[in-house]
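Q: One file is attached below, upload11.cif, containing mmCIF, C-alpha atoms.
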```cif
data_work
#
loop_
_atom_site.label_atom_id
_atom_site.label_comp_id
_atom_site.auth_asym_id
_atom_site.auth_seq_id
_atom_site.Cartn_x
_atom_site.Cartn_y
_atom_site.Cartn_z
CA MET U 1 198.08 246.07 22.52
CA SER U 2 196.71 249.18 20.89
CA THR U 3 193.15 249.60 19.70
CA LEU U 4 194.39 251.80 16.84
CA ALA U 5 194.46 250.29 13.36
CA SER U 6 197.86 249.44 11.89
CA VAL U 7 199.04 250.31 8.39
CA THR U 8 202.06 249.02 6.48
CA ASP U 9 204.24 250.10 3.58
CA ALA U 10 201.96 248.02 1.33
CA SER U 11 198.72 249.60 2.60
CA PHE U 12 199.92 253.17 3.27
CA ALA U 13 198.68 254.64 -0.01
CA SER U 14 195.18 253.17 0.23
CA ASP U 15 194.81 253.51 4.03
CA VAL U 16 196.26 257.01 4.40
CA LEU U 17 196.96 258.88 1.17
CA ASP U 18 193.67 257.93 -0.53
CA ALA U 19 191.57 258.14 2.66
CA GLU U 20 188.70 260.59 3.00
CA GLY U 21 188.93 263.23 5.71
CA THR U 22 191.77 263.62 8.18
CA THR U 23 194.12 260.81 9.18
CA LEU U 24 196.84 260.99 11.82
CA VAL U 25 199.64 258.44 11.40
CA GLU U 26 201.77 257.57 14.42
CA PHE U 27 205.21 256.27 13.46
CA TRP U 28 206.29 254.08 16.39
CA ALA U 29 208.46 251.13 17.44
CA PRO U 30 207.99 248.49 20.14
CA TRP U 31 211.25 249.48 21.89
CA CYS U 32 210.22 253.17 22.10
CA GLY U 33 209.10 254.16 25.62
CA PRO U 34 207.61 257.53 24.57
CA CYS U 35 205.64 255.66 21.88
CA ARG U 36 204.08 253.47 24.57
CA ALA U 37 203.28 256.62 26.57
CA VAL U 38 201.52 258.43 23.71
CA THR U 39 199.45 255.46 22.49
CA PRO U 40 196.74 255.82 25.19
CA VAL U 41 196.57 259.55 24.45
CA LEU U 42 195.98 258.87 20.76
CA GLU U 43 193.45 256.14 21.58
CA ARG U 44 191.53 258.62 23.74
CA ILE U 45 191.54 261.27 21.01
CA ALA U 46 190.35 258.70 18.46
CA ALA U 47 187.53 257.62 20.81
CA ASP U 48 186.53 261.21 21.63
CA HIS U 49 186.59 262.46 18.02
CA PRO U 50 185.59 259.55 15.75
CA ASP U 51 183.86 261.83 13.23
CA SER U 52 186.75 264.31 13.01
CA ILE U 53 189.98 262.34 12.79
CA ARG U 54 191.10 258.78 12.09
CA ILE U 55 194.26 257.65 13.89
CA VAL U 56 196.42 254.77 12.69
CA ARG U 57 199.89 253.45 13.56
CA ILE U 58 202.82 252.24 11.49
CA ASN U 59 205.73 250.30 12.97
CA ALA U 60 208.76 252.27 11.77
CA ASP U 61 211.12 249.29 12.10
CA GLU U 62 208.95 246.96 10.03
CA ASN U 63 208.01 249.55 7.38
CA PRO U 64 211.23 251.26 6.28
CA ARG U 65 209.87 252.68 3.02
CA SER U 66 207.16 254.83 4.66
CA SER U 67 209.42 255.66 7.60
CA SER U 68 212.13 256.91 5.25
CA GLU U 69 209.74 258.79 2.97
CA TYR U 70 208.20 260.68 5.89
CA ARG U 71 211.53 261.09 7.74
CA ALA U 72 210.59 259.24 10.89
CA LEU U 73 213.98 259.85 12.50
CA SER U 74 212.63 260.55 16.00
CA LEU U 75 209.86 258.45 17.51
CA PRO U 76 207.06 258.85 18.14
CA LEU U 77 206.37 260.97 15.11
CA MET U 78 202.81 261.92 14.19
CA LYS U 79 201.89 263.16 10.71
CA VAL U 80 198.41 264.48 9.94
CA PHE U 81 197.26 263.86 6.37
CA ARG U 82 194.46 265.46 4.36
CA GLY U 83 193.97 264.81 0.67
CA GLY U 84 197.14 262.73 0.54
CA GLU U 85 199.32 265.55 1.87
CA VAL U 86 200.98 266.13 5.23
CA VAL U 87 199.31 269.14 6.87
CA LYS U 88 200.88 268.89 10.35
CA THR U 89 203.81 267.15 12.02
CA ILE U 90 204.10 266.49 15.76
CA VAL U 91 207.31 265.08 17.23
CA GLY U 92 207.43 263.36 20.61
CA ALA U 93 204.99 262.16 23.23
CA LYS U 94 202.67 264.74 24.76
CA PRO U 95 199.98 264.52 27.44
CA LEU U 96 196.34 264.61 26.37
CA PRO U 97 195.77 268.38 26.80
CA ALA U 98 198.91 269.23 24.80
CA MET U 99 198.05 266.76 22.05
CA GLU U 100 194.48 268.09 21.83
CA PHE U 101 195.92 271.60 21.58
CA GLU U 102 198.24 270.49 18.75
CA LEU U 103 195.30 268.89 16.93
CA ALA U 104 192.64 271.52 17.77
CA GLY U 105 192.18 272.56 14.14
CA PHE U 106 191.36 268.96 13.17
CA LEU U 107 189.15 267.82 16.05
CA GLY U 108 185.90 269.68 15.49
CA ASP U 109 183.71 269.77 18.58
CA ALA U 110 185.01 269.37 22.10
CA PRO U 111 185.20 265.79 23.38
CA VAL U 112 182.44 264.31 25.47
CA ARG U 113 183.82 263.33 28.88
#
```
Rewrite the structure of this file - the entire thing - as structure tokens.

A:
Amino acid sequence: MSTLASVTDASFASDVLDAEGTTLVEFWAPWCGPCRAVTPVLERIAADHPDSIRIVRINADENPRSSSEYRALSLPLMKVFRGGEVVKTIVGAKPLPAMEFELAGFLGDAPVR
């Protein structure tokens, strides 16, 4: 079970589009092995950078409207939102250093380890 908050089609606008700051949305599915692999990476980034980025998940199978709107054709798919707009897209699972590199412009200070 993930420690990341979940959003749905019904809550997407208020939880993501209207949110302050930067929000990364992971589009995932329970049957997706790479999704299971990237979840701990995203949990670590969320824990290391709580003041820089908020990370949430949306089950692509259970939320077809958002999945279709944001073209979640390959999972996992991560979309970074600011001001209600997508500012970065990341496709596929990546290890922590690669994911931090992809998100470097959004993470602020280096993580405390």

Q: Quick one: apply the PyMOL selection byres ((chain U and resi 27-29) around 8) to the file and drop the selected residues here as a ChimeraX atom specification.

A: /U:25-26,30-32,35,57-61,67,72,75-78

Q: Mind telling me what the PyMOL selection byres ((chain U and resi 40-47) around 10) catches here, as a PyMOL selection string?

A: chain U and resi 2-4+24+26+35-39+48-57+78+93-100+103+107+111-112

Q: Can you work out which one of U:Ser11, U:Glu20, U:Lys88, U:Arg65 has the shortest atom-to-atom distance to Phe106 (chain U), counting all atoms listed in the file?

A: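 Looking only at the distances to Phe106 (chain U), the closest residue turns out to be U:Lys88.
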
Q: What gap, in Å, lies between CA of Leu73 (chain U) and CA of Thr22 (chain U)?

A: 22.9 Å

Q: CA of Gly92 (chain U) and CA of Gly33 (chain U), how far apart in Å?

A: 10.6 Å

Q: Could you put an axis-aligned box around every listed atom of region 39-51 of chain U, padded by 6 Å on each side, and send me its centre and edge lengths in Å to one decimal, as AutoDock Vina command-line options?

A:
```
--center_x 191.7 --center_y 259.0 --center_z 19.2 --size_x 27.6 --size_y 19.0 --size_z 24.0
```

Q: Figure out the distance between CA of Leu17 (chain U) and CA of Glu85 (chain U), please, to one decimal in Å.

A: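 Those two atoms sit 7.1 Å apart.
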